[in-house]
Structures are given as structure tokens and as C-alpha cells.
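Read the structure below first, then the notes.
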Protein chains: 2
Amino acid sequence: MPLMPVTDSMFLLVETREHPMHVGGLQLFRKPEGADGNYLRDLRRSMLDSDNMRSVFRRRPSRPVNTLGHVSWSTDAELELDYHFRHSALPQPGRIRELLELTSRWHSTLLDRHRPLWETHLIEGLQDGRFAVYTKVHHALMDGVSALRHLQGTLSDDPDDLDCPPPWGTRQATSTHNGKAPSSFLETAGKTFGQVAGIAPAAAKVAREAFREHTLTLPMQAPKTMLNVPIGGARRFAAQSWSLDRVKAIATAAGVSRNDVVLAMCSGALRDYLIEQSALPDAPLIAMVPVSLRRKADAGEASGNNIGALLCNLGTDLTDPALRLAAVHTSMRNGKKLFSELTPLQTLLLSGVNVAQLGVSPLPGVVNNTRPPFNLVISNVPGPRKQMYWNGATLDGIYPASVLLDGQALNITLTSNGDNLDFGITGCRRSVPHLQRILTHLDTALAELEGASGVR
Amino acid sequence: MPLMPVTDSMFLLVETREHPMHVGGLQLFRKPEGADGNYLRDLRRSMLDSDNMRSVFRRRPSRPVNTLGHVSWSTDAELELDYHFRHSALPQPGRIRELLELTSRWHSTLLDRHRPLWETHLIEGLQDGRFAVYTKVHHALMDGVSALRHLQGTLSDDPDDLDCPPPWGTRQATSTHNGKAPSSFLETAGKTFGQVAGIAPAAAKVAREAFREHTLTLPMQAPKTMLNVPIGGARRFAAQSWSLDRVKAIATAAGVSRNDVVLAMCSGALRDYLIEQSALPDAPLIAMVPVSLRRKADAGEASGNNIGALLCNLGTDLTDPALRLAAVHTSMRNGKKLFSELTPLQTLLLSGVNVAQLGVSPLPGVVNNTRPPFNLVISNVPGPRKQMYWNGATLDGIYPASVLLDGQALNITLTSNGDNLDFGITGCRRSVPHLQRILTHLDTALAELEGASGVR
């Protein structure tokens, strides 16, 4: 029974029924040419028959009930694949809307701690003939970035490659005995931090306190908004793709980075959404933006432990989309690092997308009485540059679903995927009403940026 | 903010992620003659538009997080009906098997305490053209018997009656302002016991201790079996109907009650199942059987507070089905009352199906080290004698899904419904493998009893 690193067990310890600690990914596929009526049945059967499983997907907590102190992993010898891999269907009329509603429900329920902490749904019934796969993994197994990379690793850029593993499998024989992806920065953080802090509650406490102290010296002050409130257990998930070329064109015309354009899209969408909700604050929203600090040369191999976080002024107080883009660009260029006053170890631990959020979480009263350190996380995760396939099926989109916490009721995570940017928006179902409106506003914001930068 | 009776709040306090405290009902319907392709869509729309809602379905805990001491109810002013009333579909091939698998999943997940504690699924995609409705209600709102009666109360014996309320509605205008059904014996128990014990944790403690003491003086000793183990969070649900006439014929031929025949069916099925699992104990299984102590004259009006519990020797050690039936009959006739040594108040509180189960639950060590007071609950709830309809749709079956607890990994609850007996079997997904085999064994056991009593 190997002991868990503190960065694993932390996520089990802080999880409550209102704060499920899993990340998710929704993949949308087009069936191969000539697929017959039995295609999904055969696909499901072949996946059930496969014995390809990354060892991390066999792990379950040895003591499922919350305990203080160390927690260890067990390997589930009798894993019931039929339980983890589920067959599901959309009700009529089988639009993306029904798919997102179902994904929202799945993303709201807790994983069973008596079993390995993951579920995969194979989803039929889309009216356009496509199918979808939703995979949910506990944060104690993988952080969101690692989970996305893991899913991407099961795909192929060859439409004729019919040897792709199931979503819980692996291509690399060597990693069968290595639970975590080498790219997981949390793993590294866990090992290091474990040496220092020793036990999980202490780790969580240090993380919180480090964060709270430093809210006093943050370089920017985030306004209190409807997004920074205590949250309930139910989630809403929305997702959509936009053409990368459109974003590129704006970036080139305006002389900014693509990520600046993405952030300005989010800014415009959040502004419109908050106006619609009569909840736009006077001060600009502040986003926490995880950024890779890797040098170009390392791009192929994600070393993982050079990820930092910037605070970005989204300029949501500005009416002109061009001025908002300029505000974002300036803010990102100036690179005010959130954790500049912390030690390298603290930076490493706190700069993970979701680890950082722990800082603002479960201390009673904190959410209501203090200003948030930032208003939301906007995370842009690099993905494959080519069109990807899964056993002949064409990947149309891969949409990340994230963890929320008290005080952080909305998360926007996107990933590049071939010619597209795939946005996944996760919100507290009660605090963020009509979440799907943000998709419409993102679309509007992109068009406005095109207009403002003269590309359309 | 009315304070909850202790018998309500008790179910919130003892609920954990491994022990969800909700009851469920799965209803199976045939569409009316001439229903067109839009039937379910129109049905769903009319239910969403209905403002008929029993007030109990608007209640949510004022403080969703577990707290000691009193808990009060709030009324949810902004109830999001679209959240509670869900549209779902079966994957291909849309057999009863897929319906039960989906029901198993729904019965395994916790209700969101930030909202009124119920969910209803309208389910399409059955290959035979029928549709289903699964409704899940927290035990803090209704016990299982009350929930079944509530659902039955939304039906009509007139196929032309198109004014049936939705599953969360009511026919009686008066009960709109009265959360609980008058028939809820728990309500009565709660009021009475509340006066004595005052606060919820004390109530739970008294219930447990009273129960444990009296396990020493139980009239029969139940063997330790695979059904009496700590349970996990996931559930498996199985359901099937059998003809009431077949049971009646055996009862008449053998000179026993219908309930004796039902218990003997369960006995034969449990014996076969445990043999299959190489887990049949030498000593006979003991079932806890809730029975109504009402006189015939009261049958129309359920007064509720005259429900007791018998311990029934199921005779699972006997190979001959006729001898098993005789053993059950003798055991039930001798009427060894489980709680005969308790005060009337204790009897009342402890004799509820699930309240009684609390007694064997969450004290660490109890499950592993002591013999169970009984092996499982088998509950036979009287239902409508006529064929029932719901807005023109024919009710084919109504199957109860129950609460499980540590030490009680299996529950069989059945209800009479027109010409049928509808069995719902709820099991811990890990402890009770191949639960659906019990359906096959019930079928075999019924046929064997027919053979043994000479009716076939």
C-alpha cells in the first residue's frame, strides 16, 4: 500500500458533497465513413474486452472514509469495468444542448471512493449521428492539465490507426507501471512538498495560509462579484469550438498573442453576461491565468514544473472591445506574477490551477467577508496541432470540465485542437444562472474583436 | 423556518456518501392508444408547465451542511423544476436491463442538499415503446411506504382521466399545505418521540441503543451472511412483476396467507442465490417483515401508527419448497414480535422499516463483530387493487427502491398493483454481485411452490 503524496490526499480530504474534486473531459466524435448500425455496440464491446489500463485507473483509496493524516492507495484487484465504463444515451431531440445537460449532471455527482476514482460514458443518440465520450477523473489521480493530456494521448493523428487505447488505457507500455503522467507537475510538487510538510492536513493548512497572507499583497485587487460566492453541489457545463484561424487573424492584426485574444473574448463575454445579470462591477474583473514558463525548446516534452500564474486585468469596465484587448495585452505583458513573493516551493505548489483555488476555499466566513484574490480562472491548455482520430473516428472537439470551489463559481478552460479552440465552461448551477448564455457572448465578443481589429 | 421533527433530521445527520438516505420508485407505463411521436415531449412540457406541487417538494434544509442539533426546513422560492425533473433516455437496445442499469446509477448518487430533496426522471427509449418514470425522494421527506403511497396517489383508475398530477403534485388541494401524507407513520412517531428526546443526535442514539440491547433478547438468532457486511456507495437495482393470481392459487391450495407465499418465494430465491455464491449458511436466514397491525375495518384509512415488525424464519436451510413454505407460515403465525419487550413508544419508533435499520448501522465494529439482528428486510406494501392509469397511460408496474445501510446490503420491497405483485430489489453493488440473478431465482421459486402445492 503506497502512501499517497500529500497533493493527492489533499484532494480527498478537502472534498465535500458541495465540492466534488474531479475533472472531466467531453470528447465529440464523427463516426468513420461506412460505420454501420452496430458501430457503437462493437466499439463498446472492444473496449470492455481490452485489458489496456493505466495503473492509475486501478487505484482506490485504502480507507475510503475521510481520515486525518496519511492516506494510502490500494490497487483494485476486482475492478468492475462495467461500472466505470457506462453506456448512455441522449433523450430526444438529441442536440448538443441535451448532451451538455447530461454532462452537467454527471459532473455534479461524487465518485465512489470504494472504487477507482473515475467514470467514462460512451454516449449515443446525437441527432447528427456523432457520438461523445465523457470521462471524469478524481483530482487526486490527475490534475486537469494531466487529464487532458492523458485523453489526448489515447488519440492518433492517423485515421487508419485502429489500435487506439480506451480512455483509461495507455499507448506507452512503460507507463503501465507508472500511474502518473511524467508531465504531471502536481506529482513533482507532491514529492517535494511531502518532504517538507509531512502530512496532508498540514499541507492543506500551509497552502491556505500562504495564500491568505499573500492576498494582502496582491498586485491587483479583484472586485467582489456574483462569481465569488459560496457554491452548491450542482454544476452546469457548456462547451463550444471556435476557429483558431479567426483568433490568429485578430492576434496578427492587433499585434498581440493568441492568448491575449482568447482572454479578450472571455472579457467581452463576461462583461455582456454580467450586464445581463445586472451584476457588472465598476472595477475590472481579474482572471488568474496559468501560464507555462517553459522555453520554446522544451515544447515537445512537457517538463511540468515550470508553470506559473499571472493575474490578468480583463478590462471588463471598458466598453470598447479594442481597449479591452489592449488592457489584457498590457496586463499580460507586464507579467505581474501572482506569487512573486513566495518561495519557489510555495510557487510551485500554489500555481497549479486547482491547488491555487484551495487557498480561497473552505474556511467559514472567508468567502463572504473578504475580497476574492481573483474572480475566475481562465486556463488555456495547449493541445494537438493536427486533426486527431480515435480508432477511425474523427475528433470534433475535446472540452475540459473543471473543479469549482467556494468563492470560485465559474471556470473557463480551453484547449487547442487541430484547427479549433475548444472551450469548456463549468459553473455552479445555482450561482451562475443561464451559463450557456456565455457561449453566445463569446461568439459575439469574437466577432466584435474581428470588427475592432479590422479583419472583418 | 419550521424546525424539523427529529425523525426527519435524523436521516440528514446519519447520511454519508456511502449511505444515501433516499427511497425511489420506478414506474413503467404503456402509452395511450394512438399516442404520436410527440407524446413524451408534450407530456414533459405539460408537467413543466404545471404548478401543482406538494409543499414537501419545495422544502430544503436551511443549513445544507451537517450540523449537530436542530435542523430546520426552508421553502425554496426559486425552485428550478428543470433541475428536479429530468429527461433521460436508454441506450440501445433499450431493454429492461438498460432501464435497471440506469436506475441503479441514479439510486447511487446523493441528492443536492442545497435544493429540495427529490429528482424525477422521465425515461424514453424502451424498445417496446413503453416509457418509465423514476422518482427519488430523501427519507427526511418521506419514508418508503409514504413515497409509494404518494406516487399511487398521483394515478387514476380511469383511463380517460387526463387530470393526473405530476409525480411531485397532489390531487388533494388540502394537502398542498401539509407536507407529509397523513399516512406517514414516521410523522406521528417523530412528533411523539420529539417530545421525549428533544434533539436529533439523542434520538438516533436512543434508537441505536434500544436496538442493540434488545438484540440480546431477540427470539431468533440470525446467522452472519454475505448480506450483513459494510457496504459501498454504489447500488444495483432489479425489478420484475409476477401475477397475483399465481400467488393466490398457492396460498389457497396450501392454506397459508399470500404474504407467506411471497416470503417463501424470497426464501427459495435467496437460498438459490446464496448456493450460487457458495455462501449459504447452515442456519436459516431471518427476515425482518414489517406488518400492519390495523384491523380490517380500518383498511381504507391508513392510520399509520399500528405498524409492527415480525422476525420471520425463512427456512433457507430446507431443501423442500413445501417445507420452506411451512416454516415461513409457522414463523409468521406464531408472531414472535421483535419488539415485544419494548415500550409502545420504542416499538413505534423502531418498527419503521428503515428507522429500525439505523439500529444496526454506523457504530464502528458493530457490523463486523456482532451477529445481525436479522439478515434482510422483506417488505410487502399494499397497493391499488385496480389497474391504474396516469393521464391515459397504463401503469404496467411500480417498483420500490430502498435504503441500504452497513450490515444490510440487500432489501426486497414489493407492492401489489392491480393483478400483479411488483418486486423491487435493492443491493449494494459490491457486496451483492449479480443481483439480477435473484429475479431468475424468484421465478424458479414461484414455479417450485406451484409444483409443491399441486396447482401446476
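By order in the C-alpha cells, chains are A, B, ...; within a chain, residues start at 1; ligands start at 1, following the order shown.
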Q. Leaving out segment 328-335 of chain A and any residue of its chain fewer than 2 positions from it, which residues lie within 6 Å of it when counting only C-alpha atoms, given as a ChimeraX atom specification?
A. /A:260,312-314,325-326,337
Distance limit 10 Å, atoms considered: only C-alpha atoms. Which chain A residues sit that close to chain B? Return them as an mmCIF file with C-alpha atoms, in the first residue's frame.
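Output saved as iface-v5.cif:
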data_model
loop_
_atom_site.group_PDB
_atom_site.id
_atom_site.type_symbol
_atom_site.label_atom_id
_atom_site.label_comp_id
_atom_site.auth_asym_id
_atom_site.auth_seq_id
_atom_site.Cartn_x
_atom_site.Cartn_y
_atom_site.Cartn_z
ATOM 1 C CA THR A 16 -17.242 17.580 0.379
ATOM 2 C CA ARG A 17 -20.579 16.894 -1.234
ATOM 3 C CA GLU A 18 -20.732 20.532 -2.332
ATOM 4 C CA ASN A 38 -23.619 -1.775 -34.779
ATOM 5 C CA LEU A 40 -21.112 1.859 -31.119
ATOM 6 C CA ARG A 41 -22.077 -1.550 -29.786
ATOM 7 C CA PRO A 64 -12.482 5.343 1.647
ATOM 8 C CA VAL A 65 -13.772 7.363 4.580
ATOM 9 C CA GLU A 78 -11.576 -6.892 -8.917
ATOM 10 C CA GLU A 80 -15.683 -3.877 -12.355
ATOM 11 C CA TYR A 83 -19.317 0.001 -13.554
ATOM 12 C CA ARG A 86 -21.024 3.320 -18.867
ATOM 13 C CA HIS A 87 -23.286 3.290 -21.863
ATOM 14 C CA SER A 88 -25.562 6.296 -22.051
ATOM 15 C CA ALA A 89 -27.963 7.934 -24.464
ATOM 16 C CA LEU A 90 -29.361 11.385 -25.134
ATOM 17 C CA PRO A 91 -33.102 11.976 -24.959
ATOM 18 C CA GLN A 92 -34.876 13.463 -27.976
ATOM 19 C CA PRO A 93 -34.156 15.591 -29.906
ATOM 20 C CA GLY A 94 -30.503 14.717 -29.256
ATOM 21 C CA GLU A 98 -29.130 17.617 -24.358
ATOM 22 C CA GLU A 101 -27.346 18.873 -19.820
ATOM 23 C CA LEU A 102 -26.375 15.250 -19.300
ATOM 24 C CA ARG A 105 -25.486 16.062 -14.267
ATOM 25 C CA TRP A 106 -22.546 13.679 -14.414
ATOM 26 C CA SER A 108 -22.232 17.145 -10.343
ATOM 27 C CA THR A 109 -22.107 13.716 -8.690
ATOM 28 C CA LEU A 110 -19.380 12.356 -6.430
ATOM 29 C CA LEU A 111 -17.177 9.440 -7.418
ATOM 30 C CA ASP A 112 -17.480 6.296 -5.258
ATOM 31 C CA ARG A 113 -14.404 6.113 -3.023
ATOM 32 C CA HIS A 114 -14.802 2.363 -2.670
ATOM 33 C CA ARG A 115 -13.659 2.039 -6.284
ATOM 34 C CA LEU A 122 -19.987 6.353 -24.147
ATOM 35 C CA ILE A 123 -22.884 8.460 -25.366
ATOM 36 C CA GLU A 124 -25.192 7.726 -28.293
ATOM 37 C CA GLY A 125 -28.262 9.488 -29.626
ATOM 38 C CA ILE A 231 -21.426 27.338 -4.187
ATOM 39 C CA GLY A 232 -23.888 24.450 -4.193
ATOM 40 C CA GLY A 233 -23.359 20.883 -5.349
ATOM 41 C CA ALA A 234 -24.928 21.030 -8.824
ATOM 42 C CA ARG A 429 -25.763 25.719 -11.280
ATOM 43 C CA ARG A 430 -27.311 27.947 -8.665
#
**Q.** Spatial neighbours of Val262 of chain A, 12 Å, only C-alpha atoms, chain gap at least 4 places, as a PyMOL selection string
**A.** chain A and resi 242-244+246-248+250-251+256-258+266-269+289+314+324-325+328-329+378-381+412-416+421-423+442-443+445-446+449
Would you export the selected residues with C-alpha atoms as a PDB file, in the first residue's frame, please?
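again-v6.pdb was written with the following content:
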ATOM      1  CA  TRP A 242     -14.233  28.376 -32.412  1.00  0.00           C
ATOM      2  CA  SER A 243     -11.857  28.501 -35.370  1.00  0.00           C
ATOM      3  CA  LEU A 244      -8.245  29.054 -34.402  1.00  0.00           C
ATOM      4  CA  ARG A 246     -10.163  33.664 -36.556  1.00  0.00           C
ATOM      5  CA  VAL A 247      -8.227  34.141 -33.320  1.00  0.00           C
ATOM      6  CA  LYS A 248      -4.909  34.107 -35.165  1.00  0.00           C
ATOM      7  CA  ILE A 250      -7.041  39.119 -34.766  1.00  0.00           C
ATOM      8  CA  ALA A 251      -3.776  38.448 -32.953  1.00  0.00           C
ATOM      9  CA  VAL A 256      -0.916  40.644 -29.612  1.00  0.00           C
ATOM     10  CA  SER A 257      -0.686  36.985 -28.628  1.00  0.00           C
ATOM     11  CA  ARG A 258      -3.402  34.451 -29.345  1.00  0.00           C
ATOM     12  CA  CYS A 266     -13.672  35.941 -22.320  1.00  0.00           C
ATOM     13  CA  SER A 267     -13.600  39.530 -21.103  1.00  0.00           C
ATOM     14  CA  GLY A 268     -16.237  40.632 -23.609  1.00  0.00           C
ATOM     15  CA  ALA A 269     -18.385  37.597 -22.860  1.00  0.00           C
ATOM     16  CA  VAL A 289      -4.251  32.690 -15.842  1.00  0.00           C
ATOM     17  CA  LEU A 314      -9.671  41.745 -18.046  1.00  0.00           C
ATOM     18  CA  ARG A 324     -10.318  45.686 -23.593  1.00  0.00           C
ATOM     19  CA  LEU A 325      -7.902  43.764 -25.806  1.00  0.00           C
ATOM     20  CA  VAL A 328      -5.486  42.433 -21.430  1.00  0.00           C
ATOM     21  CA  HIS A 329      -2.357  42.643 -23.563  1.00  0.00           C
ATOM     22  CA  ILE A 378      -9.171  31.144 -17.313  1.00  0.00           C
ATOM     23  CA  SER A 379      -6.907  28.344 -18.430  1.00  0.00           C
ATOM     24  CA  ASN A 380      -5.644  27.789 -21.969  1.00  0.00           C
ATOM     25  CA  VAL A 381      -4.119  24.325 -22.313  1.00  0.00           C
ATOM     26  CA  ILE A 412     -13.258  28.696 -18.260  1.00  0.00           C
ATOM     27  CA  THR A 413     -10.789  26.169 -19.613  1.00  0.00           C
ATOM     28  CA  LEU A 414      -9.995  25.819 -23.277  1.00  0.00           C
ATOM     29  CA  THR A 415      -7.658  23.757 -25.349  1.00  0.00           C
ATOM     30  CA  SER A 416      -6.362  23.999 -28.882  1.00  0.00           C
ATOM     31  CA  LEU A 421     -10.144  26.203 -29.896  1.00  0.00           C
ATOM     32  CA  ASP A 422     -12.431  24.090 -27.722  1.00  0.00           C
ATOM     33  CA  PHE A 423     -13.943  25.951 -24.754  1.00  0.00           C
ATOM     34  CA  LEU A 442     -18.163  34.528 -26.537  1.00  0.00           C
ATOM     35  CA  ASP A 443     -19.334  34.336 -30.123  1.00  0.00           C
ATOM     36  CA  ALA A 445     -17.089  39.005 -28.417  1.00  0.00           C
ATOM     37  CA  LEU A 446     -15.052  37.222 -31.101  1.00  0.00           C
ATOM     38  CA  LEU A 449     -12.793  41.788 -31.835  1.00  0.00           C
TER      39      LEU A 449
END
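In this comparison, which uses only C-alpha atoms, the residue of B:Phe374, B:Tyr273, B:Trp168, B:Tyr399 approaching Leu28 of chain B most closely is B:Tyr399.
For the pair atom CA of Val137 of chain A and atom CA of Ser72 of chain A, the interatomic distance is 17.7 Å.
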